[in-house]
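Q: Below is one structure. I have some questions about it.
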Amino acid sequence: MAITAWGAVRRILLGGALALAAVAPGLTQAADYPGKPLRFIVPYPPGGPLDTMARLLAEKVRDSLGQPVIVENRAGAGGNIGADLAAKANPDGYTLVMGAVATHAINPFLFANLPYDPIKDFAPVTIVASVPNVLVMNDDFAKKNHIEKLGDLIAYAKANPGKLNYGSGGNGSAGHLAGELLKARAGINVEHIPYQGAAPAQLALLSGQSDFMFDNLAASAPLIKDGKVKALAVTTTVRSSLLPDVPTVEESGVKGFDLGTWFGVFTTGGTPAAVVDKLNKAYSQALMQPDVRQRLLTMGSEIKPMSEKEFAAFVVSEKDKYKEIVKLSGAKLN
């Protein structure tokens with residue numbers, strides 16, 4: 001009886017030792033982390049909002065992490081090139097990427113051959129920003145046709161099928177997907193005109209080449225303020241503090257409409273949980289600093305940092321949502 005009991009105890013002790021041995025490398029690595037500079041990949045060109053925030057946060061986390069964070073722009077293929085570099089890096093927490101709704105929720109259904117798995121190949125750290133887009137209309141066209149709200153635009157489109165057009169930054173862009181979702185949810189027939197980026201699409205709207213577009217809120221806010229474009233609705237389910245008088249698309253009567261442009265920090269999948277937790281704490285603290293909050297507010301983002309688990313669940317839900325939306329758009333890229 002005693003021998004049998006001792007055998008059971010030995011098995012429990014052995015099992016605990018094996019479990020501790022399995023966890024110990026990760027704990028040791030986390031205790032020593034970071035021991036060298038970190039690489040922070042921005043999968044888009046310099047100067048954009050993701051790049052600007054990555055550089056600001058790199059400065060803010062330097063003291064808490066005790067190491068410099070080197071920002072590196074690796075643009076191309078809609079963000080896929082930079083994201084893939086992080087996906088295939090060593091899972092040690094030394095390579096980060098500023099992932100976005102495009103790289104982790106849209107591109108999986110837009111590109112025929114995505115070089116990475118947006119869920120399995122990454123360890124989410126925290127969200128940085130979530131910015132609504134805004135449906136803006138050429139102001140002269142709106143005045144001429146007495147369009148004051150989204151309902152007026154929908155009524156005009158139904159009375160004049162095929163006559164309206166909307167511009168976007170290109171096939172598969174956030175503006176394109178929002179336009180196609182509006183067509184599907186509101187039952188209207190309007191033509192899509194893809195441009196080589198959001199800036200040319202905005203210029204086309206201002207010149208009257210296109211009638212309306214879904215634009216980034218931060219980019220459109222000055223034009224709205226100056227009366228150069230007419231804001232009809234924001235694309236998220238909550239109004240923006242930057243445009244408190246502009247209703248949401250859903251408030252305007254189009255149900256099932258909730259789109260925003262978000263981006264956040266990821267590291268390589270398989271990175272020890274304790275390392276990811278260190279990164280989460282450093283970036284969450286940085287994101288709550290007053291000057292960072294103010295910068296985010298000027299972009300139209302009021303979101304708070306998320307835990308690793310919260311951000312991971314958010315990414316999965318966004319990927320599931322965009323599966324339907326990309327299919328509705330019919331957009332496909334090689």
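Chain labels run A, B, ... following the order of the structure tokens; each chain numbers its residues from 1, and ligands are numbered from 1 in the order shown.
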Need the shell around A:Lys278: protein/DNA/RNA residues with any atom at most 10 Å away, counting only C-alpha atoms. Skip same-chain ones fewer than 4 positions apart. Format as a PyMOL selection string?
A: chain A and resi 30-31+33-34+64-65+93+125+273-274+282-284
Q: Near A:Glu324, within 10 Å and counting only C-alpha atoms, which residues show up once chain neighbours fewer than 5 positions away are dropped, as a ChimeraX atom specification?
A: /A:109,181,319,329
Q: Please produce an output containing N, CA and C atoms for each residue in the selection, written as an mmCIF file, in the first residue's frame.
A:
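Listing of again18.cif after writing:
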```cif
data_model
loop_
_atom_site.group_PDB
_atom_site.id
_atom_site.type_symbol
_atom_site.label_atom_id
_atom_site.label_comp_id
_atom_site.auth_asym_id
_atom_site.auth_seq_id
_atom_site.Cartn_x
_atom_site.Cartn_y
_atom_site.Cartn_z
ATOM 1 N N PHE A 109 -8.810 37.096 -47.799
ATOM 2 C CA PHE A 109 -9.866 36.779 -48.757
ATOM 3 C C PHE A 109 -9.699 37.530 -50.072
ATOM 4 N N LEU A 181 -20.558 47.247 -49.671
ATOM 5 C CA LEU A 181 -21.458 46.873 -48.580
ATOM 6 C C LEU A 181 -22.683 47.785 -48.571
ATOM 7 N N LYS A 319 -11.758 39.098 -39.003
ATOM 8 C CA LYS A 319 -11.497 38.216 -40.148
ATOM 9 C C LYS A 319 -12.797 37.543 -40.589
ATOM 10 N N SER A 329 -17.960 42.195 -52.448
ATOM 11 C CA SER A 329 -17.307 43.147 -53.348
ATOM 12 C C SER A 329 -16.870 42.519 -54.664
#
```
Q: I'd like to know which of A:Leu333, A:Ala312, A:Leu223, A:Ala129 is closest to A:Gly170, using only C-alpha atoms.
A: A:Leu333
Q: Enumerate, as an MDAnalysis selection string, the complete set of residues in stretch 58-272 of chain A that a backbone-based DSSP assignment places in strand (DSSP E).
A: chainID A and resid 69:73 95:100 122:138 165:168 191:194 212:216 229:234 260:268
Q: Taking only C-alpha atoms into account, name the residue in A:Asp258, A:Asp84, A:Asp92, A:Asp152 that is nearest to A:Thr271.
A: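 Distance minimum relative to A:Thr271 lands on A:Asp92.
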Q: Taking 4 positions as the minimum chain separation for residues in the same chain, which residues sit within 9 Å of A:Ile325 when counting only C-alpha atoms? Answer as a list in words.
A: Ile106, Leu177, Ala178, Glu180, Leu181, Lys321, Ser329 and Gly330 of chain A
Q: Can I get the selection written as an mmCIF file, in the first residue's frame, with C-alpha atoms?
A:
```
data_model
loop_
_atom_site.group_PDB
_atom_site.id
_atom_site.type_symbol
_atom_site.label_atom_id
_atom_site.label_comp_id
_atom_site.auth_asym_id
_atom_site.auth_seq_id
_atom_site.Cartn_x
_atom_site.Cartn_y
_atom_site.Cartn_z
ATOM 1 C CA ILE A 106 -9.141 41.665 -45.597
ATOM 2 C CA LEU A 177 -15.456 47.363 -49.534
ATOM 3 C CA ALA A 178 -17.548 49.989 -47.743
ATOM 4 C CA GLU A 180 -19.995 47.544 -52.019
ATOM 5 C CA LEU A 181 -21.458 46.873 -48.580
ATOM 6 C CA LYS A 321 -16.696 39.688 -40.746
ATOM 7 C CA SER A 329 -17.307 43.147 -53.348
ATOM 8 C CA GLY A 330 -16.106 40.543 -55.812
#
```
Q: Find the residues around A:Ala204 up to 12 Å (only C-alpha atoms counted), leave out those fewer than 4 positions away in its own chain, and share them as a PDB file with C-alpha atoms, in the first residue's frame.
A:
```
ATOM      1  CA  MET A 137     -19.990  63.604 -51.088  1.00  0.00           C
ATOM      2  CA  ASN A 138     -18.972  66.216 -53.622  1.00  0.00           C
ATOM      3  CA  ASN A 165     -20.376  56.637 -58.943  1.00  0.00           C
ATOM      4  CA  TYR A 166     -18.049  56.405 -55.970  1.00  0.00           C
ATOM      5  CA  GLY A 167     -14.269  56.487 -55.853  1.00  0.00           C
ATOM      6  CA  SER A 168     -11.858  54.489 -53.733  1.00  0.00           C
ATOM      7  CA  GLY A 169      -8.150  53.950 -53.245  1.00  0.00           C
ATOM      8  CA  ILE A 193     -14.119  53.890 -59.802  1.00  0.00           C
ATOM      9  CA  PRO A 194     -10.804  52.601 -58.393  1.00  0.00           C
ATOM     10  CA  TYR A 195      -7.892  55.056 -58.138  1.00  0.00           C
ATOM     11  CA  GLN A 196      -4.225  54.498 -57.323  1.00  0.00           C
ATOM     12  CA  GLY A 197      -4.565  55.380 -53.674  1.00  0.00           C
ATOM     13  CA  ALA A 198      -6.824  57.359 -51.365  1.00  0.00           C
ATOM     14  CA  ALA A 199      -5.262  60.740 -52.190  1.00  0.00           C
ATOM     15  CA  PRO A 200      -6.081  60.565 -55.946  1.00  0.00           C
ATOM     16  CA  GLY A 208     -16.378  66.309 -59.403  1.00  0.00           C
ATOM     17  CA  GLN A 209     -15.023  63.278 -61.283  1.00  0.00           C
ATOM     18  CA  SER A 210     -16.691  61.096 -58.662  1.00  0.00           C
ATOM     19  CA  ASP A 211     -19.830  61.701 -56.637  1.00  0.00           C
ATOM     20  CA  PHE A 212     -18.972  60.235 -53.248  1.00  0.00           C
ATOM     21  CA  MET A 213     -16.441  58.080 -51.416  1.00  0.00           C
ATOM     22  CA  VAL A 229     -17.163  67.976 -49.030  1.00  0.00           C
TER      23      VAL A 229
END
```
Q: Residues within 7 Å of A:Ser252, please, as a list in words. Count only C-alpha atoms; anything in the same chain fewer than 3 positions from it doesn't count.
A: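 With the cut-off at 7 Å, the set is Leu150, Gly151, Pro247, Thr248 and Val249 of chain A.
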Q: Counting only C-alpha atoms, which of A:Val276, A:Val136, A:Ala157, A:Leu203 gets nearest to A:Lys225?
A: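 Looking only at the distances to A:Lys225, the closest residue turns out to be A:Val136.
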Q: Considering only C-alpha atoms, state which residue in the set A:Ala87, A:Leu135, A:Pro43, A:Val292 is at the smallest distance from A:Ile119.
A: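 Looking at the shortest contact to A:Ile119, the residue is A:Ala87.
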